[in-house]
file structure.txt (compact mmCIF, C-alpha atoms and all ligand atoms)
# COMPACT_ATOMS: atom_id res chain seq x y z
CA MET A 1 -138.51 103.21 31.89
CA LEU A 2 -137.23 103.96 35.36
CA ALA A 3 -139.79 104.16 38.10
CA THR A 4 -140.02 107.52 39.83
CA PRO A 5 -138.27 107.20 43.17
CA THR A 6 -140.65 107.59 46.06
CA ALA A 7 -139.75 109.22 49.33
CA PRO A 8 -139.57 106.85 52.31
CA PRO A 9 -142.63 107.08 54.53
CA THR A 10 -142.33 109.66 57.29
CA LEU A 11 -142.02 108.02 60.68
CA GLU A 12 -144.51 109.07 63.30
CA HIS A 13 -142.54 111.32 65.63
CA LEU A 14 -142.00 109.86 69.11
CA THR A 15 -140.15 110.97 72.23
CA PRO A 16 -138.81 109.23 75.35
CA HIS A 17 -141.81 110.71 77.17
CA ASP A 18 -144.15 109.09 74.61
CA LEU A 19 -142.52 105.72 75.27
CA VAL A 20 -143.00 106.08 79.01
CA THR A 21 -146.57 107.26 78.62
CA TYR A 22 -147.46 104.50 76.15
CA PHE A 23 -146.01 102.06 78.62
CA HIS A 24 -148.45 103.40 81.24
CA CYS A 25 -151.42 103.64 78.91
CA PRO A 26 -151.47 104.11 75.10
CA HIS A 27 -154.64 106.21 75.29
CA GLU A 28 -152.90 108.56 77.73
CA MET A 29 -150.12 109.10 75.21
CA GLU A 30 -152.60 110.26 72.59
CA LEU A 31 -154.52 112.46 75.00
CA HIS A 32 -151.20 114.11 75.91
CA TRP A 33 -150.67 114.86 72.25
CA SER A 34 -154.11 116.48 72.07
CA ILE A 35 -153.35 118.65 75.10
CA ARG A 36 -150.01 119.72 73.64
CA ALA A 37 -151.57 120.56 70.26
CA HIS A 38 -154.25 122.61 72.00
CA THR A 39 -151.59 124.46 74.03
CA LEU A 40 -149.66 125.27 70.86
CA GLY A 41 -152.80 126.30 68.99
CA ARG A 42 -152.44 123.47 66.50
CA PRO A 43 -155.04 121.02 65.23
CA ALA A 44 -155.21 118.01 67.53
CA PRO A 45 -154.03 114.72 66.02
CA PRO A 46 -156.66 111.96 65.84
CA VAL A 47 -157.20 109.81 68.90
CA HIS A 48 -157.32 106.25 67.66
CA ALA A 49 -159.26 104.39 70.38
CA PRO A 50 -162.73 103.70 68.90
CA ALA A 51 -165.86 104.26 70.98
CA ASP A 52 -166.28 100.51 71.51
CA VAL A 53 -162.63 99.87 72.40
CA VAL A 54 -162.02 97.10 74.92
CA PRO A 55 -159.79 98.54 77.67
CA LEU A 56 -156.73 96.51 78.57
CA ARG A 57 -155.71 95.40 82.05
CA HIS A 58 -152.00 95.70 81.36
CA SER A 59 -149.73 97.66 79.08
CA PRO A 60 -149.49 96.17 75.59
CA LEU A 61 -145.78 97.05 75.54
CA PHE A 62 -143.49 94.33 76.76
CA ALA A 63 -141.09 95.29 79.49
CA PRO A 64 -137.58 96.57 78.75
CA PRO A 65 -134.62 94.45 79.88
CA LEU A 66 -133.98 94.87 83.59
CA GLY A 67 -130.99 92.59 83.90
CA HIS A 68 -128.40 95.36 84.12
CA VAL A 69 -130.00 98.00 86.30
CA GLU A 70 -127.88 99.23 89.17
CA VAL A 71 -129.44 101.10 92.11
CA ASN A 72 -127.11 103.39 94.06
CA GLU A 73 -127.71 105.33 97.24
CA GLY A 74 -126.15 108.70 97.95
CA ARG A 75 -124.81 111.48 95.78
CA LEU A 76 -123.99 110.91 92.13
CA ASP A 77 -120.23 110.49 91.79
CA ILE A 78 -119.12 113.35 89.56
CA ASP A 79 -115.42 113.28 88.69
CA GLU A 80 -113.64 116.62 88.74
CA ARG A 81 -112.74 116.04 85.09
CA ASP A 82 -116.36 115.46 84.01
CA ARG A 83 -117.95 118.17 81.88
CA LEU A 84 -121.53 119.24 81.24
CA VAL A 85 -122.13 119.31 77.48
CA TYR A 86 -125.93 119.61 77.34
CA GLU A 87 -128.68 120.87 79.61
CA ASP A 88 -132.38 121.34 78.95
CA ASP A 89 -132.89 124.97 79.88
CA ASP A 90 -136.65 124.66 79.56
CA GLU A 91 -136.80 122.26 82.49
CA GLU A 92 -137.32 124.10 85.75
CA GLY A 93 -135.74 123.21 89.07
CA LEU A 94 -132.70 121.30 87.82
CA PRO A 95 -129.80 121.18 90.28
CA VAL A 96 -126.47 122.83 89.53
CA PHE A 97 -123.82 120.12 89.29
CA PHE A 98 -121.01 121.93 87.59
CA ALA A 99 -119.07 125.10 88.20
CA PRO A 100 -119.18 127.44 85.18
CA GLU A 101 -115.66 126.48 84.07
CA ARG A 102 -116.77 122.85 83.77
CA VAL A 103 -119.73 123.66 81.53
CA GLN A 104 -118.73 123.12 77.90
CA ARG A 105 -121.97 123.01 76.00
CA ASP A 106 -121.93 121.51 72.56
CA PRO A 107 -122.26 124.55 70.26
CA ARG A 108 -125.22 122.96 68.45
CA PHE A 109 -127.21 123.02 71.68
CA ALA A 110 -125.68 126.00 73.40
CA SER A 111 -129.05 127.72 73.68
CA GLY A 112 -130.35 124.80 75.71
CA HIS A 113 -133.65 124.88 73.84
CA SER A 114 -132.92 122.29 71.17
CA ASN A 115 -134.09 118.72 70.86
CA LEU A 116 -131.71 115.87 70.34
CA ILE A 117 -132.95 114.22 67.14
CA ASP A 118 -132.45 110.73 65.80
CA PRO A 119 -133.84 110.81 62.24
CA GLU A 120 -133.23 107.09 61.69
CA LEU A 121 -135.63 106.03 64.43
CA GLY A 122 -137.87 109.12 64.29
CA LEU A 123 -137.07 109.81 67.92
CA SER A 124 -136.34 113.13 69.56
CA GLY A 125 -136.23 114.56 73.03
CA ARG A 126 -134.30 116.37 75.71
CA PRO A 127 -132.49 114.64 78.52
CA ASP A 128 -132.12 116.95 81.50
CA PHE A 129 -128.34 116.70 81.19
CA VAL A 130 -125.64 115.06 79.10
CA ILE A 131 -122.36 114.63 80.93
CA ALA A 132 -119.05 114.00 79.18
CA ARG A 133 -117.26 111.69 81.59
CA ALA A 134 -113.56 111.90 82.25
CA ALA A 135 -113.02 108.60 80.41
CA GLY A 136 -114.61 110.04 77.25
CA GLU A 137 -118.08 108.60 77.60
CA TYR A 138 -121.25 110.70 77.12
CA VAL A 139 -124.03 109.87 79.57
CA PRO A 140 -127.63 111.17 79.63
CA VAL A 141 -128.99 112.07 83.06
CA GLU A 142 -132.69 112.44 83.85
CA TYR A 143 -133.40 114.27 87.09
CA LYS A 144 -136.34 113.67 89.43
CA SER A 145 -136.82 115.68 92.59
CA THR A 146 -138.54 112.77 94.37
CA HIS A 147 -136.92 110.16 96.59
CA LEU A 148 -136.03 106.70 95.49
CA PHE A 149 -135.35 104.39 98.31
CA VAL A 150 -138.56 103.58 100.09
CA GLY A 151 -139.37 100.17 98.70
CA TYR A 152 -138.19 101.21 95.28
CA HIS A 153 -135.77 98.35 94.90
CA GLU A 154 -138.70 96.38 93.53
CA ALA A 155 -138.06 95.66 89.89
CA HIS A 156 -141.49 96.90 88.79
CA GLY A 157 -140.74 100.41 89.97
CA ARG A 158 -137.67 100.69 87.80
CA LEU A 159 -139.42 99.93 84.52
CA PHE A 160 -140.30 103.53 83.82
CA ASP A 161 -136.76 104.72 84.55
CA THR A 162 -135.45 102.04 82.24
CA VAL A 163 -137.72 102.98 79.34
CA GLN A 164 -136.67 106.62 79.55
CA ALA A 165 -132.96 105.98 80.03
CA ILE A 166 -132.73 103.59 77.08
CA ALA A 167 -134.41 106.10 74.76
CA GLU A 168 -132.15 108.93 75.94
CA CYS A 169 -129.03 106.79 75.46
CA ARG A 170 -130.08 106.22 71.86
CA LEU A 171 -130.51 109.98 71.35
CA VAL A 172 -127.07 110.69 72.77
CA HIS A 173 -125.53 108.05 70.53
CA ALA A 174 -127.31 109.41 67.46
CA VAL A 175 -126.44 113.06 68.13
CA PHE A 176 -123.04 113.04 69.81
CA GLY A 177 -121.66 109.96 68.04
CA HIS A 178 -120.60 108.36 71.32
CA ARG A 179 -122.48 105.26 72.34
CA PRO A 180 -123.22 105.44 76.09
CA SER A 181 -122.78 102.22 78.04
CA HIS A 182 -125.56 103.40 80.36
CA GLY A 183 -127.99 106.17 81.22
CA ILE A 184 -128.71 107.62 84.65
CA VAL A 185 -131.92 108.55 86.41
CA LEU A 186 -131.00 110.74 89.33
CA TYR A 187 -133.22 111.15 92.38
CA GLY A 188 -132.47 114.34 94.25
CA ASP A 189 -134.88 114.56 97.15
CA ALA A 190 -133.43 117.49 99.09
CA ALA A 191 -134.79 116.31 102.45
CA GLY A 192 -132.37 114.65 104.84
CA GLY A 193 -129.21 116.43 103.73
CA GLY A 194 -128.56 114.00 100.89
CA ALA A 195 -129.60 110.88 102.79
CA ARG A 196 -132.54 110.36 100.43
CA GLU A 197 -130.65 110.92 97.22
CA GLY A 198 -129.66 108.19 94.85
CA TRP A 199 -129.44 107.22 91.24
CA VAL A 200 -130.27 104.33 88.97
CA GLN A 201 -127.77 103.32 86.33
CA ILE A 202 -129.35 101.53 83.37
CA ALA A 203 -127.23 99.62 80.90
CA TYR A 204 -127.55 100.51 77.23
CA ASP A 205 -126.45 97.36 75.46
CA SER A 206 -127.54 95.64 72.24
CA THR A 207 -130.50 94.03 74.04
CA ALA A 208 -131.72 97.43 75.24
CA GLU A 209 -131.32 98.95 71.78
CA SER A 210 -133.22 96.07 70.18
CA TRP A 211 -136.00 96.51 72.73
CA LEU A 212 -136.22 100.19 71.84
CA LYS A 213 -136.50 99.55 68.10
CA VAL A 214 -139.22 96.94 68.57
CA ALA A 215 -141.08 99.19 71.03
CA LEU A 216 -141.08 102.13 68.62
CA ARG A 217 -142.35 99.87 65.84
CA GLN A 218 -145.08 98.49 68.08
CA ILE A 219 -146.29 101.96 69.06
CA ARG A 220 -146.43 103.05 65.42
CA GLU A 221 -148.24 99.90 64.32
CA ASP A 222 -150.80 100.13 67.13
CA ARG A 223 -153.81 101.71 65.46
CA VAL A 224 -156.06 101.34 68.53
CA ARG A 225 -153.95 102.77 71.34
CA PRO A 226 -156.31 101.40 73.96
CA PRO A 227 -156.84 102.72 77.48
CA VAL A 228 -155.37 100.82 80.42
CA PRO A 229 -157.60 101.97 83.27
CA ALA A 230 -156.05 101.14 86.62
CA GLU A 231 -155.53 103.10 89.80
CA ARG A 232 -151.77 103.13 89.34
CA ASN A 233 -152.21 104.78 85.93
CA CYS A 234 -155.30 106.95 86.22
CA ALA A 235 -154.61 108.60 89.59
CA SER A 236 -151.55 110.36 88.16
CA CYS A 237 -152.72 110.78 84.57
CA GLU A 238 -152.60 114.41 83.49
CA PRO A 239 -155.39 114.09 80.89
CA ASN A 240 -157.52 112.59 83.67
CA SER A 241 -156.94 115.72 85.73
CA GLU A 242 -158.63 117.65 82.93
CA GLY A 243 -161.52 115.21 82.65
CA LEU A 244 -160.50 114.08 79.18
CA CYS A 245 -160.73 110.32 79.63
CA ARG A 246 -163.99 108.42 79.75
CA TYR A 247 -162.26 105.20 80.88
CA ALA A 248 -160.64 106.52 84.07
CA ALA A 249 -160.60 103.98 86.89
CA ALA A 250 -159.65 106.44 89.63
CA ARG A 251 -159.80 110.11 90.42
CA TYR A 252 -156.73 112.18 89.70
CA GLU A 253 -154.60 112.53 92.83
CA GLY A 254 -151.63 114.52 91.58
CA PRO A 255 -148.42 114.01 89.64
CA TYR A 256 -146.65 112.24 92.48
CA HIS A 257 -149.23 109.54 92.96
CA ARG A 258 -147.54 107.28 90.44
CA GLN A 259 -144.25 107.56 92.24
CA THR A 260 -145.95 107.05 95.60
CA PHE A 261 -147.80 104.03 94.28
CA LEU A 262 -144.63 102.47 93.02
CA THR A 263 -142.77 103.07 96.22
CA THR A 264 -145.38 101.67 98.54
CA ARG A 265 -146.85 98.66 96.77
CA ARG A 266 -145.27 95.43 95.72
CA PRO A 267 -145.69 94.48 92.06
S1 LIG B 1 -157.34 108.10 82.90
FE1 LIG B 1 -156.50 106.03 82.93
S2 LIG B 1 -157.36 104.99 81.17
FE2 LIG B 1 -157.64 107.18 80.88
S3 LIG B 1 -155.89 107.85 79.66
FE3 LIG B 1 -155.39 108.17 81.80
S4 LIG B 1 -154.32 106.30 82.43
FE4 LIG B 1 -155.40 105.84 80.53

call {"tool": "encode", "arguments": {"input": "structure.txt", "output": "structure tokens", "more": "lines below"}}
Ligand code: SF4
result
Amino acid sequence: MLATPTAPPTLEHLTPHDLVTYFHCPHEMELHWSIRAHTLGRPAPPVHAPADVVPLRHSPLFAPPLGHVEVNEGRLDIDERDRLVYEDDDEEGLPVFFAPERVQRDPRFASGHSNLIDPELGLSGRPDFVIARAAGEYVPVEYKSTHLFVGYHEAHGRLFDTVQAIAECRLVHAVFGHRPSHGIVLYGDAAGGGAREGWVQIAYDSTAESWLKVALRQIREDRVRPPVPAERNCASCEPNSEGLCRYAAARYEGPYHRQTFLTTRRP
């Protein structure tokens, strides 16, 4: 008698933002989920850290590969034949890169309110932009309005960019069918007439993809999701701003503290 086929287990849904947040502090990732569920009027998912959890001093997630990260100063070089094929319309304050005639949104995401979804890895999210380059490549771009180049050449400060860019490259590959060779994190500090702008180009190679798969598995297998209380984490932790974390090691100082911390302290 044939066994009844069973459906494959549903993967816990994760986003590039979850990866970055887990990399800061796994407990923060879960508290973010609780806040989001509350905002949407949904039941909050369980927070795994038990009452007697032992906080960690460092992230349990091993660092992504940093061997092929390129830091560039100045304006992003947009070719006149490049096209904008995706933009997250829910993200406020994004710059306008392209004249209307160079915006050719993929019809599946024309509304600008749709997630890019990778069902194989259970990953979804929204890069700020996806650019179709003149040479045929599709590249995700994540925009930050902060500046980059005050001490930011330290490798430690680029880890968070790298985590996000790798995950967004995977989404673009899964959805558009073009494997990006790299992702971009664009820093667009408007002060200084462009003198403080720059971008980081992060390679998306087989090593980066392998890191991503292992990282997603690690997050899903982590049934504790411990806190990592440290000034660099807690002072910019949104759940901390709402008094949700009992392990906080610092008062909340605002969303830009993390960036400031990374740009003024050596690793
Ligand atoms: S306050 Fe600190 S320990 Fe608590 S969730 Fe935020 S980053 Fe983690």

call {"tool": "residues_near_ligand", "arguments": {"input": "structure.txt", "ligand": "ligand LIG 1 (chain B)", "cutoff": "7 Å", "atoms": "all atoms listed in the file", "output": "MDAnalysis selection string"}}
result
chainID A and resid 24:28 31 227:230 233:234 237 239:240 245:249

call {"tool": "closest_atom_pairs", "arguments": {"input": "structure.txt", "of": "range 121-150 of chain A", "to": "range 95-100 of chain A", "cutoff": "12 Å", "atoms": "all atoms listed in the file", "output": "CSV"}}
result
residue,atom,partner,partner_atom,distance
A:Asp128,CA,A:Pro95,CA,10.0
A:Phe129,CA,A:Phe97,CA,9.9
A:Val130,CA,A:Phe97,CA,11.5
A:Ile131,CA,A:Phe98,CA,10.0
A:Ala132,CA,A:Phe98,CA,11.7
A:Val141,CA,A:Phe97,CA,11.4
A:Glu142,CA,A:Pro95,CA,11.2
A:Tyr143,CA,A:Pro95,CA,8.4
A:Lys144,CA,A:Pro95,CA,10.0
A:Ser145,CA,A:Pro95,CA,9.2

call {"tool": "atom_distance", "arguments": {"input": "structure.txt", "atom1": "CA of Pro226 in chain A", "atom2": "CA of Phe62 in chain A"}}
result
14.9 Å

call {"tool": "atom_distance", "arguments": {"input": "structure.txt", "atom1": "CA of Gly74 in chain A", "atom2": "CA of Gly188 in chain A"}}
result
9.2 Å

call {"tool": "atom_distance", "arguments": {"input": "structure.txt", "atom1": "CA of Ala63 in chain A", "atom2": "CA of Glu253 in chain A"}}
result
25.6 Å

call {"tool": "closest_residue", "arguments": {"input": "structure.txt", "among": "A:Pro46, A:Tyr22, A:Lys213, A:Arg220", "to": "Leu121 in chain A", "atoms": "all atoms listed in the file"}}
result
A:Lys213

call {"tool": "residues_around", "arguments": {"input": "structure.txt", "residues": "Ser206 in chain A", "least_positions_apart": "5", "cutoff": "10 Å", "atoms": "all atoms listed in the file", "output": "PDB file with C-alpha atoms, keeping the file's coordinate frame"}}
result
ATOM      1  CA  SER A 181    -122.780 102.220  78.040  1.00  0.00           C
ATOM      2  CA  TRP A 211    -136.000  96.510  72.730  1.00  0.00           C
ATOM      3  CA  LEU A 212    -136.220 100.190  71.840  1.00  0.00           C
TER       4      LEU A 212
END

call {"tool": "closest_residue", "arguments": {"input": "structure.txt", "among": "A:Gln218, A:Ser210, A:Thr39, A:Asn115", "to": "Val172 in chain A", "atoms": "all atoms listed in the file"}}
result
A:Asn115

call {"tool": "closest_residue", "arguments": {"input": "structure.txt", "among": "A:Arg217, A:Arg75, A:Arg81, A:Arg251", "to": "Glu12 in chain A", "atoms": "only C-alpha atoms"}}
result
A:Arg217

call {"tool": "closest_residue", "arguments": {"input": "structure.txt", "among": "A:Val71, A:Phe176, A:Ser124, A:Ser59", "to": "Tyr86 in chain A", "atoms": "all atoms listed in the file"}}
result
A:Phe176

call {"tool": "residues_near_point", "arguments": {"input": "structure.txt", "point": "(-156.4, 108.1, 64.8)", "cutoff": "9 Å", "atoms": "all atoms listed in the file", "output": "number ranges by chain"}}
result
A: 30, 45-50, 223-225

call {"tool": "residues_around", "arguments": {"input": "structure.txt", "residues": "Arg170 in chain A", "least_positions_apart": "4", "cutoff": "9 Å", "atoms": "all atoms listed in the file", "output": "ChimeraX atom specification"}}
result
/A:118,123,165-166,174-175,179-180,204,209,212

call {"tool": "write_last_selection", "arguments": {"input": "structure.txt", "atoms": "C-alpha atoms", "output": "PDB file, in the frame of the given file"}}
result
ATOM      1  CA  ASP A 118    -132.450 110.730  65.800  1.00  0.00           C
ATOM      2  CA  LEU A 123    -137.070 109.810  67.920  1.00  0.00           C
ATOM      3  CA  ALA A 165    -132.960 105.980  80.030  1.00  0.00           C
ATOM      4  CA  ILE A 166    -132.730 103.590  77.080  1.00  0.00           C
ATOM      5  CA  ALA A 174    -127.310 109.410  67.460  1.00  0.00           C
ATOM      6  CA  VAL A 175    -126.440 113.060  68.130  1.00  0.00           C
ATOM      7  CA  ARG A 179    -122.480 105.260  72.340  1.00  0.00           C
ATOM      8  CA  PRO A 180    -123.220 105.440  76.090  1.00  0.00           C
ATOM      9  CA  TYR A 204    -127.550 100.510  77.230  1.00  0.00           C
ATOM     10  CA  GLU A 209    -131.320  98.950  71.780  1.00  0.00           C
ATOM     11  CA  LEU A 212    -136.220 100.190  71.840  1.00  0.00           C
TER      12      LEU A 212
END

call {"tool": "closest_residue", "arguments": {"input": "structure.txt", "among": "A:Pro64, A:Pro127, A:Gly93, A:Pro55", "to": "Ser114 in chain A", "atoms": "only C-alpha atoms"}}
result
A:Pro127

call {"tool": "closest_residue", "arguments": {"input": "structure.txt", "among": "A:Val185, A:Gly177, A:Pro16, A:Asp205", "to": "Arg126 in chain A", "atoms": "only C-alpha atoms"}}
result
A:Pro16

call {"tool": "residues_around", "arguments": {"input": "structure.txt", "residues": "Asp79 in chain A", "least_positions_apart": "5", "cutoff": "10 Å", "atoms": "all atoms listed in the file", "output": "PyMOL selection string"}}
result
chain A and resi 133-135

call {"tool": "residues_around", "arguments": {"input": "structure.txt", "residues": "Pro255 in chain A", "least_positions_apart": "5", "cutoff": "10 Å", "atoms": "only C-alpha atoms", "output": "MDAnalysis selection string"}}
result
chainID A and resid 235:238 241 260

call {"tool": "axis_aligned_box", "arguments": {"input": "structure.txt", "around": "range 103-117 of chain A", "padding_each_side": "8 Å", "output": "AutoDock Vina command-line options"}}
result
--center_x -126.4 --center_y 121.0 --center_z 74.3 --size_x 31.4 --size_y 29.5 --size_z 30.4

call {"tool": "decode", "arguments": {"input": "structure.txt", "residues": "range 69-155 of chain A", "atoms": "C-alpha atoms", "output": "PDB file, in the first residue's frame"}}
result
ATOM      1  CA  VAL A  69      33.163  44.267  -0.931  1.00  0.00           C
ATOM      2  CA  GLU A  70      33.983  47.408  -2.857  1.00  0.00           C
ATOM      3  CA  VAL A  71      33.554  50.854  -1.285  1.00  0.00           C
ATOM      4  CA  ASN A  72      33.059  53.751  -3.698  1.00  0.00           C
ATOM      5  CA  GLU A  73      32.879  57.459  -3.040  1.00  0.00           C
ATOM      6  CA  GLY A  74      30.701  59.831  -5.025  1.00  0.00           C
ATOM      7  CA  ARG A  75      27.549  59.416  -7.042  1.00  0.00           C
ATOM      8  CA  LEU A  76      26.372  56.012  -8.202  1.00  0.00           C
ATOM      9  CA  ASP A  77      27.309  55.583 -11.851  1.00  0.00           C
ATOM     10  CA  ILE A  78      24.009  55.147 -13.675  1.00  0.00           C
ATOM     11  CA  ASP A  79      24.382  54.450 -17.384  1.00  0.00           C
ATOM     12  CA  GLU A  80      21.939  56.235 -19.661  1.00  0.00           C
ATOM     13  CA  ARG A  81      20.797  52.821 -20.897  1.00  0.00           C
ATOM     14  CA  ASP A  82      20.020  51.528 -17.389  1.00  0.00           C
ATOM     15  CA  ARG A  83      16.353  51.044 -16.518  1.00  0.00           C
ATOM     16  CA  LEU A  84      14.418  50.966 -13.264  1.00  0.00           C
ATOM     17  CA  VAL A  85      12.365  47.753 -13.139  1.00  0.00           C
ATOM     18  CA  TYR A  86      11.283  47.712  -9.484  1.00  0.00           C
ATOM     19  CA  GLU A  87      10.801  50.246  -6.715  1.00  0.00           C
ATOM     20  CA  ASP A  88       9.335  49.833  -3.254  1.00  0.00           C
ATOM     21  CA  ASP A  89       6.629  52.485  -3.228  1.00  0.00           C
ATOM     22  CA  ASP A  90       5.975  51.965   0.469  1.00  0.00           C
ATOM     23  CA  GLU A  91       9.435  53.246   1.353  1.00  0.00           C
ATOM     24  CA  GLU A  92       9.398  56.982   1.964  1.00  0.00           C
ATOM     25  CA  GLY A  93      12.118  59.409   0.960  1.00  0.00           C
ATOM     26  CA  LEU A  94      13.714  57.427  -1.859  1.00  0.00           C
ATOM     27  CA  PRO A  95      15.620  59.541  -4.387  1.00  0.00           C
ATOM     28  CA  VAL A  96      14.526  59.817  -8.006  1.00  0.00           C
ATOM     29  CA  PHE A  97      17.223  58.276 -10.189  1.00  0.00           C
ATOM     30  CA  PHE A  98      15.416  57.808 -13.444  1.00  0.00           C
ATOM     31  CA  ALA A  99      13.426  59.994 -15.784  1.00  0.00           C
ATOM     32  CA  PRO A 100       9.925  58.594 -16.411  1.00  0.00           C
ATOM     33  CA  GLU A 101      10.891  57.228 -19.842  1.00  0.00           C
ATOM     34  CA  ARG A 102      13.576  55.084 -18.200  1.00  0.00           C
ATOM     35  CA  VAL A 103      11.197  53.511 -15.709  1.00  0.00           C
ATOM     36  CA  GLN A 104      10.047  50.141 -17.039  1.00  0.00           C
ATOM     37  CA  ARG A 105       8.547  48.382 -14.074  1.00  0.00           C
ATOM     38  CA  ASP A 106       8.101  44.659 -14.283  1.00  0.00           C
ATOM     39  CA  PRO A 107       4.324  44.228 -14.733  1.00  0.00           C
ATOM     40  CA  ARG A 108       4.177  41.794 -11.792  1.00  0.00           C
ATOM     41  CA  PHE A 109       5.333  44.559  -9.465  1.00  0.00           C
ATOM     42  CA  ALA A 110       3.978  47.592 -11.240  1.00  0.00           C
ATOM     43  CA  SER A 111       1.995  48.647  -8.182  1.00  0.00           C
ATOM     44  CA  GLY A 112       5.207  48.867  -6.188  1.00  0.00           C
ATOM     45  CA  HIS A 113       3.553  47.227  -3.192  1.00  0.00           C
ATOM     46  CA  SER A 114       4.558  43.629  -3.817  1.00  0.00           C
ATOM     47  CA  ASN A 115       7.175  41.509  -2.127  1.00  0.00           C
ATOM     48  CA  LEU A 116       9.803  39.653  -4.064  1.00  0.00           C
ATOM     49  CA  ILE A 117       9.356  36.038  -2.965  1.00  0.00           C
ATOM     50  CA  ASP A 118      11.740  33.111  -3.058  1.00  0.00           C
ATOM     51  CA  PRO A 119       9.623  30.065  -2.135  1.00  0.00           C
ATOM     52  CA  GLU A 120      12.606  27.706  -2.206  1.00  0.00           C
ATOM     53  CA  LEU A 121      14.384  29.465   0.650  1.00  0.00           C
ATOM     54  CA  GLY A 122      11.262  30.875   2.332  1.00  0.00           C
ATOM     55  CA  LEU A 123      12.641  34.367   1.870  1.00  0.00           C
ATOM     56  CA  SER A 124      10.800  37.491   0.817  1.00  0.00           C
ATOM     57  CA  GLY A 125      11.340  41.205   0.898  1.00  0.00           C
ATOM     58  CA  ARG A 126      11.535  44.464  -0.963  1.00  0.00           C
ATOM     59  CA  PRO A 127      14.758  46.037  -2.115  1.00  0.00           C
ATOM     60  CA  ASP A 128      14.363  49.782  -2.495  1.00  0.00           C
ATOM     61  CA  PHE A 129      15.176  49.474  -6.193  1.00  0.00           C
ATOM     62  CA  VAL A 130      16.063  46.901  -8.819  1.00  0.00           C
ATOM     63  CA  ILE A 131      17.992  48.324 -11.747  1.00  0.00           C
ATOM     64  CA  ALA A 132      18.317  46.569 -15.101  1.00  0.00           C
ATOM     65  CA  ARG A 133      21.815  47.495 -16.185  1.00  0.00           C
ATOM     66  CA  ALA A 134      22.715  48.251 -19.766  1.00  0.00           C
ATOM     67  CA  ALA A 135      24.685  44.992 -19.985  1.00  0.00           C
ATOM     68  CA  GLY A 136      21.586  42.984 -19.035  1.00  0.00           C
ATOM     69  CA  GLU A 137      22.285  42.471 -15.362  1.00  0.00           C
ATOM     70  CA  TYR A 138      19.629  43.064 -12.660  1.00  0.00           C
ATOM     71  CA  VAL A 139      20.997  44.678  -9.508  1.00  0.00           C
ATOM     72  CA  PRO A 140      19.208  45.325  -6.182  1.00  0.00           C
ATOM     73  CA  VAL A 141      19.877  48.699  -4.580  1.00  0.00           C
ATOM     74  CA  GLU A 142      19.226  49.486  -0.925  1.00  0.00           C
ATOM     75  CA  TYR A 143      19.140  53.190  -0.129  1.00  0.00           C
ATOM     76  CA  LYS A 144      20.234  54.830   3.125  1.00  0.00           C
ATOM     77  CA  SER A 145      20.010  58.564   3.657  1.00  0.00           C
ATOM     78  CA  THR A 146      23.004  58.566   6.020  1.00  0.00           C
ATOM     79  CA  HIS A 147      26.631  59.175   5.121  1.00  0.00           C
ATOM     80  CA  LEU A 148      29.187  56.482   4.679  1.00  0.00           C
ATOM     81  CA  PHE A 149      32.679  57.739   4.722  1.00  0.00           C
ATOM     82  CA  VAL A 150      33.601  58.785   8.215  1.00  0.00           C
ATOM     83  CA  GLY A 151      35.624  55.824   9.395  1.00  0.00           C
ATOM     84  CA  TYR A 152      33.280  53.443   7.657  1.00  0.00           C
ATOM     85  CA  HIS A 153      35.996  51.712   5.699  1.00  0.00           C
ATOM     86  CA  GLU A 154      36.390  49.463   8.723  1.00  0.00           C
ATOM     87  CA  ALA A 155      35.315  45.977   7.774  1.00  0.00           C
TER      88      ALA A 155
END
